[in-house]
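Colleague: My structure is stored as target.cif, with mmCIF, C-alpha atoms.
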```cif
data_protein
#
loop_
_atom_site.group_PDB
_atom_site.id
_atom_site.type_symbol
_atom_site.label_atom_id
_atom_site.label_comp_id
_atom_site.auth_asym_id
_atom_site.auth_seq_id
_atom_site.Cartn_x
_atom_site.Cartn_y
_atom_site.Cartn_z
ATOM 1 C CA MET A 4 0.000 0.000 0.000
ATOM 2 C CA THR A 5 1.389 3.361 -0.923
ATOM 3 C CA SER A 6 1.089 6.478 1.199
ATOM 4 C CA GLY A 7 -2.209 8.241 0.614
ATOM 5 C CA GLN A 8 -3.905 5.037 -0.537
ATOM 6 C CA ASP A 9 -7.126 4.026 1.242
ATOM 7 C CA PRO A 10 -6.088 1.475 3.909
ATOM 8 C CA ARG A 11 -9.372 -0.400 3.391
ATOM 9 C CA GLU A 12 -7.914 -1.661 0.113
ATOM 10 C CA ALA A 13 -5.472 -3.740 2.183
ATOM 11 C CA LEU A 14 -8.406 -5.445 3.929
ATOM 12 C CA LEU A 15 -9.399 -6.980 0.603
ATOM 13 C CA ALA A 16 -6.238 -9.127 0.735
ATOM 14 C CA PHE A 17 -7.552 -10.916 3.844
ATOM 15 C CA ALA A 18 -10.613 -13.039 4.612
ATOM 16 C CA ILE A 19 -12.239 -10.327 6.707
ATOM 17 C CA PRO A 20 -16.031 -10.603 6.980
ATOM 18 C CA ASP A 21 -16.680 -6.881 6.474
ATOM 19 C CA PRO A 22 -13.904 -5.211 4.460
ATOM 20 C CA ALA A 23 -15.984 -1.994 4.362
ATOM 21 C CA VAL A 24 -15.288 -1.408 8.060
ATOM 22 C CA GLU A 25 -14.270 2.134 9.021
ATOM 23 C CA CYS A 26 -10.514 2.732 9.236
ATOM 24 C CA ARG A 27 -9.246 5.293 11.717
ATOM 25 C CA PRO A 28 -5.655 6.492 11.955
ATOM 26 C CA VAL A 29 -3.749 5.537 15.107
ATOM 27 C CA ALA A 30 -1.557 8.404 16.287
ATOM 28 C CA GLY A 31 1.854 8.131 17.865
ATOM 29 C CA GLY A 32 3.844 6.167 15.318
ATOM 30 C CA HIS A 33 7.184 7.495 14.138
ATOM 31 C CA ILE A 34 8.065 5.111 11.306
ATOM 32 C CA ASN A 35 4.968 3.405 9.885
ATOM 33 C CA GLU A 36 1.381 4.490 9.256
ATOM 34 C CA THR A 37 -1.145 2.642 11.433
ATOM 35 C CA TRP A 38 -4.952 2.353 11.345
ATOM 36 C CA ARG A 39 -7.586 0.591 13.425
ATOM 37 C CA ALA A 40 -10.105 -1.194 11.218
ATOM 38 C CA GLY A 41 -12.746 -2.607 13.524
ATOM 39 C CA PRO A 42 -10.948 -5.192 15.678
ATOM 40 C CA TRP A 43 -7.929 -5.255 13.338
ATOM 41 C CA ILE A 44 -4.794 -3.137 13.146
ATOM 42 C CA LEU A 45 -3.372 -2.251 9.739
ATOM 43 C CA GLN A 46 0.142 -0.979 9.331
ATOM 44 C CA ARG A 47 1.846 0.335 6.223
ATOM 45 C CA LEU A 48 5.566 -0.265 6.412
ATOM 46 C CA ASN A 49 7.583 2.825 5.585
ATOM 47 C CA PRO A 50 9.424 1.844 2.381
ATOM 48 C CA ASP A 51 12.245 4.279 3.185
ATOM 49 C CA VAL A 52 12.969 2.303 6.369
ATOM 50 C CA PHE A 53 11.857 -1.165 5.218
ATOM 51 C CA PRO A 54 12.460 -1.284 1.444
ATOM 52 C CA ASP A 55 11.724 -5.034 1.227
ATOM 53 C CA GLY A 56 8.398 -5.730 2.928
ATOM 54 C CA GLN A 57 8.551 -9.374 1.869
ATOM 55 C CA VAL A 58 11.675 -9.902 3.993
ATOM 56 C CA VAL A 59 10.002 -8.194 6.960
ATOM 57 C CA MET A 60 7.030 -10.554 6.693
ATOM 58 C CA GLU A 61 9.325 -13.592 6.364
ATOM 59 C CA ASN A 62 11.020 -12.515 9.599
ATOM 60 C CA VAL A 63 7.636 -12.126 11.336
ATOM 61 C CA LEU A 64 6.702 -15.631 10.207
ATOM 62 C CA ALA A 65 10.035 -17.083 11.402
ATOM 63 C CA VAL A 66 9.657 -15.487 14.844
ATOM 64 C CA THR A 67 6.025 -16.613 15.123
ATOM 65 C CA LEU A 68 6.932 -20.202 14.226
ATOM 66 C CA ARG A 69 9.821 -20.223 16.690
ATOM 67 C CA LEU A 70 7.618 -18.922 19.497
ATOM 68 C CA ALA A 71 5.015 -21.573 18.685
ATOM 69 C CA GLN A 72 7.703 -24.281 18.972
ATOM 70 C CA ARG A 73 8.711 -23.017 22.398
ATOM 71 C CA GLN A 74 5.138 -23.465 23.654
ATOM 72 C CA ASP A 75 5.167 -27.192 22.795
#
```
What would the structure in this file look like if it were written as structure tokens?
Modeller:
Amino acid sequence: MTSGQDPREALLAFAIPDPAVECRPVAGGHINETWRAGPWILQRLNPDVFPDGQVVMENVLAVTLRLAQRQD
């Protein structure tokens, strides 16, 4: 998602029951743009800080899987 783009467009990429939910900006961030969309949080990674969003998401997945293993 590019800056200035409607964050609700990102909801269409997920199986969210009501993608027309209202999105409200969340103040206080210094790097990324953040919105609350109903019970969900959307965040647009700042491409100047994180130029490869795919790598960021791969790292999130790796950490999540590792934490899940530690619970077993």
Colleague: I'd like the neighbourhood of A:Val24 as a PDB file with C-alpha atoms, keeping the file's coordinate frame, where a residue qualifies if any of its atoms comes within 8 Å (using only C-alpha atoms), though same-chain residues fewer than 5 positions away should be ignored.
Modeller:
```
ATOM      1  CA  ARG A  11      -9.372  -0.400   3.391  1.00  0.00           C
ATOM      2  CA  ALA A  40     -10.105  -1.194  11.218  1.00  0.00           C
ATOM      3  CA  GLY A  41     -12.746  -2.607  13.524  1.00  0.00           C
TER       4      GLY A  41
END
```
Colleague: Please, what distance in Å, to one decimal, runs between atom CA of A:Ile34 and atom CA of A:Leu48?
Modeller: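 Those two atoms sit 7.7 Å apart.
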Colleague: Measuring atom to atom with only C-alpha atoms, identify which of A:Leu64, A:Val58, A:Arg27, A:Pro20 is nearest to A:Gln46.
Modeller: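 Ranked by minimum distance to A:Gln46, first place goes to A:Arg27.
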Colleague: Applying 10 Å and only C-alpha atoms, which residues near A:Thr37 remain after dropping the ones on its own chain fewer than 5 positions away? List them as a list in words.
Modeller: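 Near neighbours after the sequence-gap exclusion: Pro10, Cys26, Arg27, Pro28, Val29, Ala30, Gly31, Gly32, Ile44, Leu45, Gln46, Arg47 and Leu48 of chain A.
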Colleague: Return as lines of an AutoDock Vina configuration file the centre and edge lengths, in Å with one decimal, of the box along x, y and z that encloses every atom of stretch 51-62 of chain A in the file, padded by 3 Å per side.
Modeller:
```
center_x = 10.0
center_y = -4.7
center_z = 5.4
size_x = 11.9
size_y = 23.9
size_z = 14.4
```
